[in-house]
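Listing of entry_1.cif; format and content: mmCIF, C-alpha atoms.
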data_input
loop_
_atom_site.label_atom_id
_atom_site.label_comp_id
_atom_site.auth_asym_id
_atom_site.auth_seq_id
_atom_site.Cartn_x
_atom_site.Cartn_y
_atom_site.Cartn_z
CA MET A 174 215.89 36.47 -57.02
CA THR A 175 217.58 38.84 -59.41
CA PRO A 176 217.29 42.43 -58.15
CA GLY A 177 214.85 44.45 -60.19
CA THR A 178 212.99 41.38 -61.45
CA HIS A 179 209.38 42.23 -62.21
CA ALA A 180 206.70 39.63 -61.61
CA PRO A 181 204.65 38.93 -64.73
CA ARG A 182 200.95 39.58 -64.49
CA ILE A 183 198.96 36.87 -62.72
CA ASP A 184 196.25 35.47 -64.97
CA THR A 185 193.24 35.02 -62.70
CA SER A 186 190.98 33.99 -65.59
CA ARG A 187 192.54 30.53 -65.91
CA PRO A 188 193.05 27.95 -63.14
CA HIS A 189 196.60 27.04 -62.19
CA PRO A 190 197.53 23.62 -60.72
CA ALA A 191 199.69 25.15 -57.96
CA ARG A 192 196.81 27.36 -56.82
CA ILE A 193 194.38 24.44 -56.94
CA TYR A 194 196.85 22.49 -54.79
CA ASP A 195 197.06 25.44 -52.42
CA TYR A 196 193.27 25.46 -52.04
CA LEU A 197 193.16 21.71 -51.41
CA LEU A 198 195.70 22.24 -48.62
CA GLY A 199 193.59 24.97 -47.05
CA GLY A 200 195.75 27.84 -48.33
CA LYS A 201 194.69 31.38 -49.22
CA ASP A 202 196.75 32.05 -52.35
CA ASN A 203 194.15 31.07 -54.91
CA TYR A 204 191.33 32.60 -56.93
CA PRO A 205 187.68 31.76 -57.71
CA VAL A 206 188.67 30.06 -60.96
CA ASP A 207 191.01 27.73 -59.01
CA ARG A 208 188.43 27.04 -56.31
CA ALA A 209 185.82 26.19 -58.95
CA VAL A 210 188.01 23.33 -60.21
CA ALA A 211 189.02 22.17 -56.72
CA GLU A 212 185.44 22.04 -55.47
CA ARG A 213 184.51 19.63 -58.26
CA LEU A 214 187.18 17.20 -57.09
CA PRO A 215 186.33 14.36 -54.69
CA VAL A 216 187.52 14.11 -51.10
CA GLU A 217 190.30 11.81 -52.35
CA ALA A 218 191.96 14.82 -54.01
CA ARG A 219 192.12 16.76 -50.75
CA ASN A 220 193.43 13.74 -48.86
CA GLY A 221 195.95 13.05 -51.60
CA ALA A 222 197.26 16.62 -51.50
CA ALA A 223 197.68 16.46 -47.72
CA ALA A 224 199.40 13.06 -47.91
CA ASN A 225 201.73 14.36 -50.62
CA ARG A 226 202.69 17.36 -48.51
CA ALA A 227 203.33 15.08 -45.54
CA PHE A 228 205.58 12.91 -47.73
CA MET A 229 207.64 15.97 -48.66
CA ARG A 230 208.14 16.80 -45.00
CA ARG A 231 209.18 13.24 -44.08
CA ALA A 232 211.44 12.77 -47.09
CA VAL A 233 213.41 16.02 -46.89
CA GLU A 234 213.86 15.70 -43.13
CA TRP A 235 215.15 12.14 -43.58
CA THR A 236 217.42 13.27 -46.41
CA VAL A 237 219.06 16.06 -44.43
CA ARG A 238 219.57 13.68 -41.51
CA ALA A 239 221.25 11.35 -44.03
CA GLY A 240 223.82 14.08 -44.66
CA ILE A 241 222.62 16.15 -47.63
CA ASP A 242 222.57 19.90 -47.01
CA GLN A 243 221.68 21.23 -50.49
CA PHE A 244 218.22 21.10 -52.07
CA LEU A 245 216.93 21.96 -55.54
CA ASP A 246 213.13 22.10 -55.33
CA VAL A 247 211.60 22.37 -58.80
CA GLY A 248 207.92 23.28 -59.05
CA THR A 249 207.73 24.53 -55.50
CA GLY A 250 204.20 25.86 -55.99
CA ILE A 251 202.53 28.22 -53.56
CA PRO A 252 204.58 28.61 -50.36
CA THR A 253 202.58 26.66 -47.75
CA GLU A 254 204.23 26.51 -44.33
CA PRO A 255 206.23 24.71 -43.29
CA ASN A 256 208.21 25.17 -46.47
CA LEU A 257 211.03 22.85 -47.45
CA HIS A 258 213.71 25.28 -46.28
CA GLN A 259 212.06 25.63 -42.87
CA ILE A 260 212.06 21.86 -42.43
CA VAL A 261 215.65 21.18 -43.48
CA GLN A 262 217.15 24.27 -41.86
CA GLY A 263 215.36 23.26 -38.68
CA VAL A 264 217.58 20.15 -38.72
CA ASP A 265 220.73 21.76 -40.18
CA PRO A 266 220.70 25.58 -40.24
CA ALA A 267 223.48 25.61 -42.85
CA CYS A 268 221.32 23.98 -45.56
CA ARG A 269 221.10 25.74 -48.91
CA ILE A 270 217.89 25.67 -50.93
CA VAL A 271 216.98 26.81 -54.42
CA TYR A 272 213.28 26.99 -55.23
CA VAL A 273 212.21 26.93 -58.89
CA ASP A 274 208.78 27.81 -60.23
CA ASN A 275 207.20 29.62 -63.17
CA ASP A 276 203.98 30.77 -61.49
CA PRO A 277 203.93 34.58 -61.08
CA ILE A 278 202.15 34.36 -57.73
CA VAL A 279 205.06 32.33 -56.33
CA LEU A 280 207.49 34.99 -57.50
CA ARG A 281 205.33 37.63 -55.82
CA HIS A 282 205.40 35.80 -52.48
CA ALA A 283 208.89 34.36 -52.62
CA GLU A 284 210.91 37.31 -51.37
CA ALA A 285 208.67 37.74 -48.32
CA LEU A 286 207.98 34.11 -47.47
CA LEU A 287 211.14 32.24 -48.41
CA ALA A 288 213.66 33.92 -46.15
CA GLY A 289 216.15 31.32 -44.93
CA ARG A 290 218.24 31.01 -41.80
CA PRO A 291 221.29 33.29 -41.61
CA GLU A 292 223.63 30.27 -41.46
CA GLY A 293 222.30 28.87 -44.72
CA ARG A 294 220.91 30.36 -47.89
CA THR A 295 217.56 30.27 -49.68
CA ALA A 296 217.19 31.45 -53.29
CA TYR A 297 214.36 31.57 -55.79
CA VAL A 298 214.63 31.02 -59.55
CA GLN A 299 211.85 32.03 -61.92
CA SER A 300 212.08 29.22 -64.48
CA ASP A 301 210.26 26.23 -65.91
CA VAL A 302 210.92 22.51 -65.54
CA LEU A 303 210.51 22.29 -69.33
CA ASP A 304 213.86 24.12 -69.53
CA PRO A 305 215.94 21.88 -67.24
CA GLY A 306 219.27 23.13 -68.55
CA VAL A 307 218.35 26.68 -67.58
CA VAL A 308 217.22 25.47 -64.15
CA VAL A 309 220.59 23.81 -63.53
CA GLU A 310 222.62 26.79 -64.66
CA GLN A 311 220.65 29.24 -62.53
CA ALA A 312 220.84 26.96 -59.50
CA ARG A 313 224.65 26.91 -59.73
CA GLY A 314 224.71 30.43 -58.31
CA THR A 315 223.62 29.06 -54.94
CA LEU A 316 224.37 25.33 -54.92
CA ASP A 317 227.75 23.59 -55.13
CA PHE A 318 227.29 20.84 -57.70
CA GLU A 319 230.57 19.27 -56.66
CA ARG A 320 228.79 18.11 -53.50
CA PRO A 321 225.55 16.10 -53.14
CA VAL A 322 222.27 17.84 -53.92
CA ALA A 323 218.74 16.58 -53.26
CA LEU A 324 216.54 17.17 -56.31
CA SER A 325 212.92 17.52 -55.22
CA LEU A 326 210.16 16.94 -57.80
CA ILE A 327 207.02 16.84 -55.68
CA ALA A 328 203.67 16.35 -57.46
CA LEU A 329 205.11 18.00 -60.58
CA LEU A 330 205.75 15.52 -63.35
CA HIS A 331 202.12 14.47 -63.79
CA PHE A 332 201.69 17.96 -65.30
CA VAL A 333 204.36 17.20 -67.92
CA PRO A 334 202.84 15.36 -70.91
CA ASP A 335 204.64 12.56 -72.68
CA ASP A 336 205.41 14.69 -75.73
CA ARG A 337 207.54 17.03 -73.56
CA ASP A 338 209.85 14.13 -72.64
CA PRO A 339 209.50 14.04 -68.84
CA TYR A 340 212.11 11.28 -68.53
CA GLY A 341 214.61 13.32 -70.49
CA ILE A 342 213.89 16.32 -68.26
CA VAL A 343 214.68 14.31 -65.14
CA ARG A 344 217.87 12.93 -66.70
CA THR A 345 219.01 16.46 -67.54
CA LEU A 346 218.38 17.62 -63.97
CA LEU A 347 220.18 14.62 -62.48
CA GLU A 348 223.15 14.50 -64.87
CA PRO A 349 225.25 17.26 -63.25
CA LEU A 350 224.62 16.08 -59.69
CA ALA A 351 227.51 14.57 -57.74
CA PRO A 352 227.46 10.96 -56.50
CA GLY A 353 225.56 10.78 -53.24
CA SER A 354 222.90 13.18 -54.55
CA CYS A 355 219.32 12.00 -54.54
CA LEU A 356 215.95 12.34 -56.25
CA ILE A 357 212.87 12.92 -54.08
CA LEU A 358 209.79 12.37 -56.23
CA SER A 359 206.04 11.94 -55.91
CA HIS A 360 203.63 11.39 -58.79
CA LEU A 361 199.89 10.98 -59.24
CA SER A 362 198.60 7.57 -60.32
CA MET A 363 195.18 6.09 -60.96
CA ASP A 364 196.33 2.57 -60.11
CA ARG A 365 194.34 2.49 -56.87
CA LEU A 366 191.41 4.74 -57.77
CA THR A 367 188.08 3.65 -59.17
CA PRO A 368 186.73 5.18 -62.40
CA GLU A 369 184.36 7.26 -60.26
CA GLN A 370 187.30 8.68 -58.28
CA ASP A 371 189.28 9.54 -61.41
CA ARG A 372 188.72 13.26 -62.02
CA THR A 373 191.54 13.72 -64.52
CA GLN A 374 189.02 15.15 -66.96
CA GLU A 375 188.17 17.96 -64.54
CA TYR A 376 191.72 19.26 -64.95
CA ARG A 377 191.71 18.79 -68.68
CA ASN A 378 188.38 20.60 -69.01
CA ALA A 379 190.03 23.51 -67.21
CA GLY A 380 192.90 23.55 -69.71
CA ILE A 381 195.41 21.75 -67.43
CA ASP A 382 197.14 18.76 -68.99
CA LEU A 383 197.20 16.08 -66.29
CA ARG A 384 199.01 12.80 -66.98
CA PRO A 385 198.74 10.23 -64.18
CA ARG A 386 201.17 7.35 -64.60
CA THR A 387 201.32 3.72 -63.54
CA HIS A 388 203.79 2.31 -61.04
CA ALA A 389 206.00 1.04 -63.85
CA GLU A 390 205.94 4.42 -65.59
CA VAL A 391 206.82 6.33 -62.41
CA LEU A 392 209.57 3.82 -61.57
CA ARG A 393 211.31 4.75 -64.84
CA PHE A 394 212.19 8.16 -63.35
CA PHE A 395 214.51 6.30 -60.95
CA ASP A 396 216.39 4.41 -63.68
CA GLY A 397 220.06 4.18 -62.71
CA LEU A 398 219.44 5.30 -59.12
CA ASP A 399 219.56 3.27 -55.91
CA LEU A 400 216.06 3.31 -54.46
CA VAL A 401 215.80 3.71 -50.71
CA GLU A 402 213.64 1.13 -48.96
CA PRO A 403 210.70 0.67 -49.03
CA GLY A 404 211.05 1.64 -52.70
CA LEU A 405 208.43 3.36 -54.81
CA VAL A 406 205.25 3.16 -52.75
CA PRO A 407 202.21 5.16 -51.63
CA CYS A 408 202.72 6.99 -48.32
CA TRP A 409 206.51 6.53 -48.30
CA HIS A 410 208.19 6.64 -44.91
CA LYS A 411 211.63 5.72 -43.61
CA ASP A 412 212.82 5.35 -40.02
CA SER A 413 209.45 6.60 -38.79
CA PRO A 414 206.04 5.07 -37.97
CA ARG A 415 203.47 4.47 -40.69
CA PRO A 416 201.80 7.83 -41.45
CA GLU A 417 198.50 8.36 -39.66
CA ASP A 418 196.86 9.56 -42.88
CA ALA A 419 197.86 6.45 -44.85
CA GLY A 420 194.41 4.90 -44.47
CA LEU A 421 192.41 7.90 -45.68
CA PRO A 422 190.64 7.63 -49.05
CA GLY A 423 192.93 9.01 -51.72
CA ALA A 424 196.06 9.09 -49.56
CA ASP A 425 197.43 6.29 -51.72
CA SER A 426 196.54 7.97 -55.03
CA GLY A 427 200.16 8.34 -56.01
CA TYR A 428 203.63 6.90 -55.66
CA ALA A 429 206.61 8.40 -53.89
CA GLY A 430 210.23 7.45 -53.46
CA VAL A 431 213.80 8.51 -52.85
CA GLY A 432 216.72 7.34 -54.97
CA PHE A 433 220.45 8.03 -54.70
CA VAL A 434 222.91 8.85 -57.48
CA ARG A 435 225.72 6.31 -57.64
#

Show this structure as structure tokens.
Amino acid sequence: MTPGTHAPRIDTSRPHPARIYDYLLGGKDNYPVDRAVAERLPVEARNGAAANRAFMRRAVEWTVRAGIDQFLDVGTGIPTEPNLHQIVQGVDPACRIVYVDNDPIVLRHAEALLAGRPEGRTAYVQSDVLDPGVVVEQARGTLDFERPVALSLIALLHFVPDDRDPYGIVRTLLEPLAPGSCLILSHLSMDRLTPEQDRTQEYRNAGIDLRPRTHAEVLRFFDGLDLVEPGLVPCWHKDSPRPEDAGLPGADSGYAGVGFVR
């Protein structure tokens, strides 16, 4: 973080998706307004949040074992251990990580909670995915874009409405990345949920624009990339057993995948 940066005031009168996610994961960095939304969600939402977090852990560990040692994690949300940097630096202590988020509570916790290993480096950027060019430029201070970078967009893009051009945002983030870089992405979908399980309106009633997408719509984010087997699927895993939580209700409420830049 830039020395002397002041965290903007945290608005506790309005729910925030990262804090709702934190509550669903059993975290403590949330407020009554966030819990009020989360408690109206079905058990599938809690299972889906846990499955999504487990995907992140599997995917980034596999990616670092595949040889990538730089990570750009946009929309990191509330730091919930183990964080991405703890996972990848546990495999390769020299990994470099840049976290990006626009939630003031993340900024408040980042300096204390996101300390990396001495061999590597962990940085935090206060920015917004809606300004992808700014994200890239600020990340250059820590990451070497001449070498492969893993771009992590975990449970983020379903909060970007169509009129903000989510596909263009992803293209802008991927464009400067060297060949051999990869996209790690998960996204909410209603493809496998019943109308009774669909609580999209709960978010919208709370002022949070939630845009689940179909398999075909999520697959578009990987246009021009080489998808890693098994492709874009619920409960993605590679070189590891099928996740134990894969059979829980809601664990398949999204799609996840990893794709490499040619």

Can you write out as a tab-separated table which residues of region 223-296 of chain A fall within 10 Å of region 409-431 of chain A, alongside each residue's closest atom pair and its distance in Å to one decimal, counting only C-alpha atoms and ordering rows by chain and ascending residue number?
residue	atom	partner	partner_atom	distance
A:Ala223	CA	A:Ala424	CA	7.8
A:Ala224	CA	A:Ala424	CA	5.4
A:Asn225	CA	A:Ala424	CA	7.8
A:Ala227	CA	A:Pro416	CA	8.5
A:Phe228	CA	A:Trp409	CA	6.5
A:Met229	CA	A:Ala429	CA	9.3
A:Arg231	CA	A:His410	CA	6.7
A:Ala232	CA	A:His410	CA	7.3
A:Val233	CA	A:Val431	CA	9.6
A:Trp235	CA	A:Lys411	CA	7.3
A:Thr236	CA	A:Val431	CA	8.8

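Closest approach to Gly314 (chain A) among A:Ala296, A:Ala211, A:Glu234, A:Pro403: A:Ala296, based on only C-alpha atoms.
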
Explicit residues for the PyMOL selection byres ((chain A and resi 212) around 12) (as a ChimeraX atom specification): /A:193-194,196-197,205-211,213-219,372,375-376

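Once the PyMOL selection byres ((chain A and resi 329-344) around 7) is applied to this file, the selection holds Gly248, Leu303, Pro305, Leu326, Ile327, Ala328, Thr345, Leu346, Leu347, Glu348, His360, Leu361, Asp382, Leu383, Arg384, Pro385 and Phe394 of chain A.
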
Distance in Å - CA of Pro188 (chain A) versus CA of His388 (chain A): 27.9 Å

d(CA of Ala389 (chain A), CA of Asp364 (chain A)) in Å: 10.5 Å
